[in-house]
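Coordinates as given in final-v8.txt (compact mmCIF, C-alpha atoms):
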# COMPACT_ATOMS: atom_id res chain seq x y z
CA MET F 159 126.62 157.56 50.26
CA LEU F 160 123.67 156.51 48.12
CA LYS F 161 120.34 158.25 48.47
CA LEU F 162 118.28 156.60 51.20
CA LYS F 163 115.81 155.18 48.70
CA TYR F 164 118.58 152.93 47.35
CA LEU F 165 119.46 151.41 50.73
CA PHE F 166 116.76 148.74 50.68
CA ASN F 167 117.78 145.11 50.29
CA ASP F 168 116.70 143.84 46.86
CA VAL F 169 117.74 140.24 46.29
CA ASN F 170 115.93 140.04 42.95
CA LEU F 171 117.87 143.03 41.60
CA ALA F 172 121.17 141.60 42.87
CA GLU F 173 120.46 138.21 41.28
CA MET F 174 119.49 139.81 37.96
CA LEU F 175 122.76 141.76 37.87
CA LEU F 176 124.83 138.75 38.93
CA LYS F 177 123.60 136.74 35.94
CA ASN F 178 126.17 138.69 33.91
CA TRP F 179 128.87 136.60 35.67
CA ASN F 180 129.42 132.95 36.53
CA TYR F 181 128.39 131.99 40.06
CA ASP F 182 127.44 129.01 42.22
CA GLU F 183 123.65 129.07 42.46
CA THR F 184 123.77 127.37 45.85
CA SER F 185 125.73 130.33 47.24
CA LEU F 186 122.98 132.94 46.83
CA ASP F 187 122.01 132.46 50.47
CA MET F 188 125.14 134.54 51.14
CA PHE F 189 123.15 137.55 49.91
CA LYS F 190 121.81 137.85 53.46
CA HIS F 191 125.23 139.26 54.40
CA TYR F 192 124.79 142.24 52.06
CA ARG F 193 125.71 145.82 52.97
CA ILE F 194 124.73 149.07 51.30
CA SER F 195 126.35 152.47 51.71
CA SER F 196 128.01 154.18 48.75
CA ASN F 197 127.37 150.95 46.81
CA ALA F 198 125.39 147.78 47.34
CA ILE F 199 127.70 144.82 48.08
CA TYR F 200 126.42 141.24 47.87
CA PRO F 201 128.74 138.26 48.54
CA PHE F 202 128.49 134.97 46.65
CA ARG F 203 130.74 132.14 45.47
CA CYS F 204 132.08 131.09 42.10
CA GLU F 205 133.73 127.67 41.94
CA GLY F 206 133.91 127.77 45.71
CA ARG F 207 135.70 131.14 45.92
CA THR F 208 134.05 134.08 47.66
CA GLN F 209 133.45 137.04 45.36
CA LEU F 210 131.62 140.34 45.78
CA LEU F 211 129.00 141.88 43.52
CA ARG F 212 129.10 145.69 43.68
CA PHE F 213 126.43 147.85 42.08
CA ALA F 214 124.80 151.27 42.16
CA PRO F 215 122.30 153.25 40.05
CA ILE F 216 123.95 155.13 37.18
CA SER F 217 122.44 158.34 38.57
CA GLU F 218 124.71 157.94 41.60
CA LYS F 219 128.02 157.33 39.83
CA LEU F 220 130.20 158.57 36.97
CA ALA F 221 131.23 155.88 34.48
CA SER F 222 134.57 157.66 33.94
CA ASN F 223 135.34 157.44 37.66
CA ILE F 224 134.57 153.72 37.84
CA LEU F 225 136.62 152.92 34.73
CA ALA F 226 139.53 154.97 36.08
CA GLU F 227 139.24 153.14 39.41
CA LEU F 228 139.40 149.76 37.66
CA ASP F 229 142.42 150.86 35.62
CA PHE F 230 144.26 151.99 38.76
CA ILE F 231 143.47 148.71 40.52
CA SER F 232 144.90 146.78 37.56
CA TYR F 233 148.04 148.92 37.67
CA LEU F 234 148.47 148.21 41.39
CA ARG F 235 148.04 144.47 40.88
CA ASP F 236 150.55 144.51 38.02
CA ASN F 237 153.01 145.99 40.52
CA ASP F 238 152.34 143.29 43.14
CA TYR F 239 150.36 145.55 45.44
CA GLY F 240 147.83 143.83 47.69
CA VAL F 241 144.53 144.92 46.23
CA LEU F 242 141.22 143.38 45.21
CA GLU F 243 140.90 141.97 41.67
CA ALA F 244 138.07 142.75 39.26
CA VAL F 245 136.40 139.72 37.64
CA VAL F 246 135.37 140.07 34.01
CA SER F 247 131.75 139.35 33.08
CA ASN F 248 130.61 136.63 30.70
CA LYS F 249 131.14 139.18 27.93
CA GLY F 250 134.66 140.05 29.09
CA GLU F 251 133.78 143.37 30.75
CA LYS F 252 134.93 144.63 34.15
CA LEU F 253 132.12 147.18 34.29
CA VAL F 254 128.62 146.23 33.19
CA GLN F 255 125.78 148.69 32.60
CA VAL F 256 122.40 146.98 32.90
CA GLU F 257 118.83 148.13 32.30
CA THR F 258 116.58 146.55 34.95
CA PRO F 259 112.95 146.93 36.08
CA TRP F 260 114.36 149.04 38.94
CA GLY F 261 116.31 151.37 36.67
CA GLU F 262 119.74 151.37 35.06
CA TYR F 263 122.71 150.17 37.11
CA PHE F 264 126.49 149.90 37.02
CA ALA F 265 127.80 146.57 38.30
CA SER F 266 131.19 144.96 38.86
CA VAL F 267 132.45 141.82 40.61
CA PHE F 268 135.60 141.51 42.70
CA GLU F 269 137.59 138.69 44.25
CA ARG F 270 137.79 138.80 48.04
CA VAL F 271 141.24 139.76 49.36
CA SER F 272 143.11 137.63 51.89
CA GLY F 273 143.36 138.47 55.57
CA VAL F 274 141.02 139.99 58.14
CA GLN F 275 139.78 143.55 58.46
CA MET F 276 142.01 145.76 60.56
CA ASN F 277 139.24 146.21 63.12
CA HIS F 278 139.38 142.44 63.77
CA THR F 279 143.07 142.57 64.70
CA ASP F 280 144.64 143.56 68.01
CA SER F 281 146.17 146.70 66.41
CA SER F 282 149.60 145.73 67.70
CA GLU F 283 152.61 147.81 66.70
CA PRO F 284 153.77 145.37 63.98
CA ILE F 285 150.30 145.33 62.42
CA ILE F 286 150.01 149.13 62.48
CA TYR F 287 153.51 149.33 61.02
CA SER F 288 152.32 147.13 58.13
CA TYR F 289 149.23 149.35 57.80
CA GLY F 290 151.40 152.44 57.35
CA LYS F 291 153.78 150.58 55.06
CA ALA F 292 150.87 149.61 52.79
CA LEU F 293 149.74 153.24 52.46
CA GLY F 294 153.30 154.39 51.77
CA ARG F 295 153.65 151.75 49.06
CA LEU F 296 150.34 152.85 47.55
CA HIS F 297 151.51 156.46 47.37
CA HIS F 298 154.87 155.43 45.92
CA LEU F 299 153.11 153.57 43.11
CA SER F 300 150.63 156.41 42.62
CA SER F 301 153.50 158.89 42.20
CA GLN F 302 154.67 156.82 39.19
CA TYR F 303 151.21 156.20 37.73
CA THR F 304 150.08 157.57 34.38
CA PRO F 305 146.32 157.16 33.76
CA GLY F 306 145.05 155.71 30.52
CA ASN F 307 142.02 156.83 28.55
CA THR F 308 139.99 157.72 31.64
CA LYS F 309 141.10 159.83 34.59
CA ARG F 310 139.69 159.84 38.10
CA TRP F 311 138.24 163.10 39.36
CA SER F 312 140.22 165.48 41.60
CA TYR F 313 139.60 167.27 44.89
CA SER F 314 138.64 170.33 42.79
CA ASP F 315 136.00 168.30 40.94
CA VAL F 316 134.68 167.14 44.31
CA LEU F 317 134.38 170.75 45.48
CA ASP F 318 132.49 171.53 42.25
CA TRP F 319 130.18 168.60 43.00
CA ILE F 320 129.63 169.86 46.55
CA GLU F 321 128.68 173.31 45.24
CA ASP F 322 126.20 171.68 42.84
CA VAL F 323 124.63 169.81 45.76
CA LEU F 324 124.43 172.95 47.89
CA VAL F 325 122.49 174.79 45.17
CA ASN F 326 119.49 172.75 46.34
CA PHE F 327 120.01 173.85 49.96
CA PRO F 328 120.13 177.70 49.94
CA GLU F 329 120.11 177.77 53.74
CA GLU F 330 123.52 176.04 53.82
CA THR F 331 125.50 179.27 53.68
CA ALA F 332 128.20 178.05 56.09
CA ALA F 333 128.83 174.93 53.99
CA LEU F 334 129.07 177.03 50.85
CA MET F 335 131.56 179.35 52.58
CA GLU F 336 133.55 176.30 53.68
CA THR F 337 133.77 175.19 50.05
CA LYS F 338 135.28 178.54 49.07
CA ILE F 339 137.69 178.54 52.01
CA LEU F 340 138.99 175.09 51.10
CA ARG F 341 139.22 175.88 47.40
CA ASP F 342 141.29 178.99 48.13
CA TYR F 343 143.47 177.17 50.64
CA PHE F 344 144.32 174.22 48.41
CA ALA F 345 145.00 176.59 45.50
CA SER F 346 147.83 178.03 47.61
CA ILE F 347 149.52 174.66 48.28
CA PRO F 348 152.16 173.64 45.70
CA LYS F 349 151.71 170.28 43.97
CA SER F 350 154.49 167.86 43.15
CA GLU F 351 154.95 164.14 42.52
CA ARG F 352 156.10 163.96 46.13
CA ASN F 353 152.94 165.30 47.72
CA PHE F 354 150.06 165.01 45.22
CA GLY F 355 148.56 162.15 43.23
CA LEU F 356 145.78 159.58 43.02
CA ILE F 357 144.84 158.61 46.58
CA HIS F 358 142.58 155.94 48.03
CA TYR F 359 140.66 158.44 50.22
CA ASP F 360 139.10 155.71 52.42
CA PHE F 361 142.23 153.90 53.62
CA GLU F 362 140.46 153.16 56.89
CA TYR F 363 140.17 150.15 59.16
CA ASP F 364 137.19 148.60 57.37
CA ASN F 365 138.84 148.86 53.95
CA VAL F 366 142.21 147.35 54.86
CA PHE F 367 142.80 143.64 55.54
CA TYR F 368 145.79 142.30 57.46
CA ASP F 369 147.24 139.00 56.21
CA GLU F 370 149.09 137.36 59.08
CA GLU F 371 150.86 134.83 56.86
CA SER F 372 152.55 137.50 54.74
CA ASN F 373 152.57 140.17 57.47
CA SER F 374 151.15 142.63 54.96
CA CYS F 375 147.95 144.55 54.23
CA ASN F 376 145.52 144.37 51.31
CA ALA F 377 143.24 147.26 50.35
CA ILE F 378 139.69 147.25 49.02
CA ASP F 379 137.07 149.83 48.02
CA PHE F 380 138.75 152.43 45.81
CA ASP F 381 135.29 153.84 45.01
CA ASP F 382 136.13 157.26 46.50
CA SER F 383 139.65 157.58 45.12
CA MET F 384 140.57 161.00 43.76
CA TYR F 385 143.55 163.21 42.95
CA HIS F 386 144.49 164.95 46.16
CA TRP F 387 147.45 165.59 48.43
CA TYR F 388 148.77 162.33 49.89
CA ALA F 389 148.27 163.93 53.30
CA MET F 390 144.53 163.36 52.79
CA ASP F 391 145.00 159.59 52.95
CA ILE F 392 147.25 159.89 55.99
CA GLU F 393 144.68 162.05 57.79
CA GLN F 394 141.86 159.60 57.04
CA ALA F 395 143.94 156.61 58.13
CA LEU F 396 145.06 158.24 61.38
CA ASP F 397 141.51 159.38 62.11
CA SER F 398 140.33 155.79 61.68
CA LEU F 399 143.18 154.52 63.85
CA GLN F 400 142.27 156.99 66.60
CA ASP F 401 138.69 155.71 66.58
CA CYS F 402 139.82 152.09 66.91
CA VAL F 403 142.53 152.08 69.58
CA PRO F 404 142.48 153.25 73.23
CA PRO F 405 143.55 156.91 73.64
CA GLU F 406 146.58 156.00 75.71
CA ILE F 407 148.19 154.01 72.87
CA PHE F 408 147.22 156.21 69.94
CA ASN F 409 150.46 158.22 69.82
CA PRO F 410 152.74 155.13 69.90
CA ARG F 411 150.58 153.51 67.20
CA LYS F 412 150.66 156.69 65.14
CA GLN F 413 154.44 156.61 65.34
CA SER F 414 154.47 152.95 64.19
CA PHE F 415 152.16 153.85 61.30
CA MET F 416 154.36 156.71 60.14
CA GLU F 417 157.53 154.62 60.50
CA GLY F 418 155.99 151.98 58.25
CA TYR F 419 154.87 154.64 55.79
CA ARG F 420 158.36 156.16 55.57
CA THR F 421 159.89 152.82 54.58
CA GLU F 422 158.02 153.13 51.26
CA PHE F 423 157.51 156.85 50.65
CA ASP F 424 158.87 160.12 52.00
CA VAL F 425 156.61 162.35 54.05
CA SER F 426 156.36 165.78 52.43
CA ASP F 427 157.45 168.84 54.39
CA ASP F 428 153.94 170.33 54.36
CA LEU F 429 152.27 167.25 55.91
CA GLU F 430 151.51 168.61 59.38
CA VAL F 431 150.45 171.99 57.98
CA ILE F 432 147.91 170.57 55.54
CA LEU F 433 146.31 167.92 57.79
CA PRO F 434 143.68 170.28 59.36
CA ALA F 435 142.50 171.31 55.87
CA CYS F 436 142.28 167.66 54.89
CA ARG F 437 140.07 166.94 57.91
CA ARG F 438 137.80 169.82 57.01
CA PHE F 439 137.63 168.61 53.40
CA ALA F 440 136.53 165.15 54.63
CA ASN F 441 133.94 166.73 56.93
CA LEU F 442 132.52 168.91 54.16
CA TYR F 443 132.42 166.10 51.61
CA GLY F 444 130.71 163.79 54.09
CA TYR F 445 128.26 166.53 55.05
CA ALA F 446 127.26 167.22 51.43
CA ARG F 447 126.80 163.51 50.74
CA VAL F 448 124.52 163.16 53.74
CA LEU F 449 122.51 166.24 52.72
CA ARG F 450 121.93 164.75 49.30
CA SER F 451 121.16 161.31 50.70
CA ILE F 452 118.49 162.36 53.20
CA ALA F 453 116.82 165.09 51.13
CA GLU F 454 113.84 162.89 50.32
CA SER F 455 111.52 161.54 53.01
CA TRP F 456 108.43 159.35 52.92
CA ASP F 457 105.38 158.61 55.03
CA ASN F 458 105.53 155.45 57.14
CA GLU F 459 109.28 154.99 56.89
CA PRO F 460 110.51 151.79 58.56
CA LEU F 461 112.06 152.30 61.97
CA TRP F 462 115.57 151.42 60.81
CA LEU F 463 115.38 154.13 58.14
CA SER F 464 114.10 156.77 60.56
CA ASN F 465 116.86 155.88 63.03
CA LEU F 466 119.47 156.02 60.27
CA ARG F 467 118.22 159.43 59.18
CA GLU F 468 118.55 160.76 62.74
CA ARG F 469 122.08 159.36 63.10
CA LEU F 470 123.10 160.91 59.79
CA ILE F 471 121.66 164.29 60.77
CA GLN F 472 123.51 164.21 64.10
CA GLY F 473 126.74 163.18 62.39
CA GLY F 474 126.30 166.01 59.90
CA LEU F 475 125.91 168.55 62.69
CA GLU F 476 129.17 167.36 64.24
CA LYS F 477 130.96 167.67 60.89
CA SER F 478 129.72 171.22 60.34
CA VAL F 479 131.04 172.80 63.56
CA CYS F 480 134.05 174.44 61.85
CA PHE F 481 132.34 175.45 58.61
CA GLY F 482 133.15 178.99 57.54
CA LYS F 483 135.86 179.54 60.16
CA GLU F 484 139.29 180.82 59.20
CA LEU F 485 141.69 178.10 58.14
CA LYS F 486 145.21 178.79 59.35

Rewritten as structure tokens:
Amino acid sequence: MLKLKYLFNDVNLAEMLLKNWNYDETSLDMFKHYRISSNAIYPFRCEGRTQLLRFAPISEKLASNILAELDFISYLRDNDYGVLEAVVSNKGEKLVQVETPWGEYFASVFERVSGVQMNHTDSSEPIIYSYGKALGRLHHLSSQYTPGNTKRWSYSDVLDWIEDVLVNFPEETAALMETKILRDYFASIPKSERNFGLIHYDFEYDNVFYDEESNSCNAIDFDDSMYHWYAMDIEQALDSLQDCVPPEIFNPRKQSFMEGYRTEFDVSDDLEVILPACRRFANLYGYARVLRSIAESWDNEPLWLSNLRERLIQGGLEKSVCFGKELK
């Protein structure tokens, strides 16, 4: 998540960045449908097709991570995987670095994928089966992937980043202990092509689109991808599924998801054992991001910002319940 000061809508900044690409000027009214979280996303059209401008301050991102993300997306598309497509700028670049009056920014543009977000479906068994199948196919392709000149960061790099964040919060002793517990735990888990590779990390309902015509799923937002155990993606997907279906049908839908997954990729023997550690990793990472995001505060904050801050603090407290406890 971006720092709170970057969550304000800035149409002028978005338009300045977009001038690096072709676009239909009459479509800029679509900017009102923007969203900002870990990036700012502004929709527009080019030759009638909906595209998405994505940008963030360079202080919030690593260029190597973005370039590695774009390379992985290209690899997936080359292998007929349903994934968003990067659009090159007027200078032929997929990633643009721009100096603006508001600071220096990274920006990219993507084509919109086909289908509807999973949370706009009825989550029927066939759809959830396709959801699992898409994740299994992603992991199958990842297991055969060799990165080019740039490599995405790993879970270990993320733990390093979390420790760097926590340096600024000396009172967060439980979070720091949790970092050590997870580092020691994952160091004890063997890695192989079957269980470890480049994962999506956010393969959740709002980042997966179901295409009824092809009965398949398309994935977006690889911004948080990292090298991790494939179980991490499964845990995140099942957690999202549990939040989006009634409790009484979760287990049957989980079974459909895993059946779809297994048609594309084998489930490793250590899956069930490692899932609790994956949940705690997600909680810790989310907690550290929130800490960093809300660290600054200002007088006379707008109501929406104050409310968001309170929701983030409450969510952080819920994530931190298990910090420092023994991981079995």

Worksheet item: Between F:Ser196, F:Asn223, F:Ser300, F:Thr337, which is the closest to Leu485 in chain F once you count all atoms listed in the file?
Response: F:Thr337

Item to complete: Considering only C-alpha atoms, state which residue in the set F:Leu466, F:Val425, F:Leu340, F:Val169 is at the smallest distance from Asn441 in chain F.
Response: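 Of all the options, F:Leu340 lies closest to Asn441 in chain F.
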
Item to complete: Tell me which protein, DNA and RNA residues are within 7 Å of range 315-324 of chain F, counting all atoms listed in the file, leaving out same-chain ones fewer than 6 positions away, and put them as a ChimeraX atom specification.
Response: /F:330,334,337,443,446,450

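The coordinates place CA of His278 in chain F at 17.3 Å from CA of Phe415 in chain F.
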
Practice prompt. Measuring atom to atom with only C-alpha atoms, identify which of F:Asn170, F:Asn458, F:Ser247, F:Ser478 is nearest to Glu336 in chain F.
Written response: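 Comparing F:Asn170, F:Asn458, F:Ser247, F:Ser478 against Glu336 in chain F, the winner is F:Ser478.
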
Discussion item. I need every residue sitting at most 12 Å from the point (124.2, 131.9, 50.3) (coordinates as in the file, only C-alpha atoms considered), written as a PyMOL selection string.
Written reply: chain F and resi 169+173+181-192+200-204+206+208-209

Discussion item. Under the rule that all atoms listed in the file are counted, which of F:Arg310, F:Lys291, F:Lys249, F:Lys338 is the nearest residue to Tyr368 in chain F?
Written reply: F:Lys291

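Picture a line from CA of Thr258 in chain F to CA of Ala172 in chain F; it runs 10.4 Å.
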
Worksheet item: Expressed in Å to a single decimal, how great is the separation between CA of Ile194 in chain F and CA of Tyr233 in chain F?
Response: 27.0 Å

Fill in: Nearest to Ile378 in chain F, chosen from F:Ala292, F:Leu470, F:Leu461, F:Val366, with only C-alpha atoms counted in the distances
F:Val366

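Taking only C-alpha atoms into account, Asp397 in chain F lies nearest to F:Pro434 out of the set F:Pro460, F:Pro434, F:Gly306, F:Gly273.
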
Please give the centre and size of the box around range 408-425 of chain F (axis-aligned, containing every atom listed in the file, 5 Å added per side), with values in Å to one decimal and written as lines of an AutoDock Vina configuration file.
center_x = 153.6
center_y = 157.2
center_z = 60.3
size_x = 22.7
size_y = 20.4
size_z = 29.3

Discussion item. Show me the residues around (141.8, 153.1, 57.6) - criterion: an atom at most 12 Å away, only C-alpha atoms counted - as number ranges by chain.
Written reply: F: 275-277, 281, 286, 289-290, 292-293, 358-368, 375-379, 390-402, 415

Discussion item. Taking 2 positions as the minimum chain separation for residues in the same chain, which residues sit within 8 Å of Tyr239 in chain F when counting only C-alpha atoms? Answer as a ChimeraX atom specification.
Written reply: /F:234-237,241,295-296,376
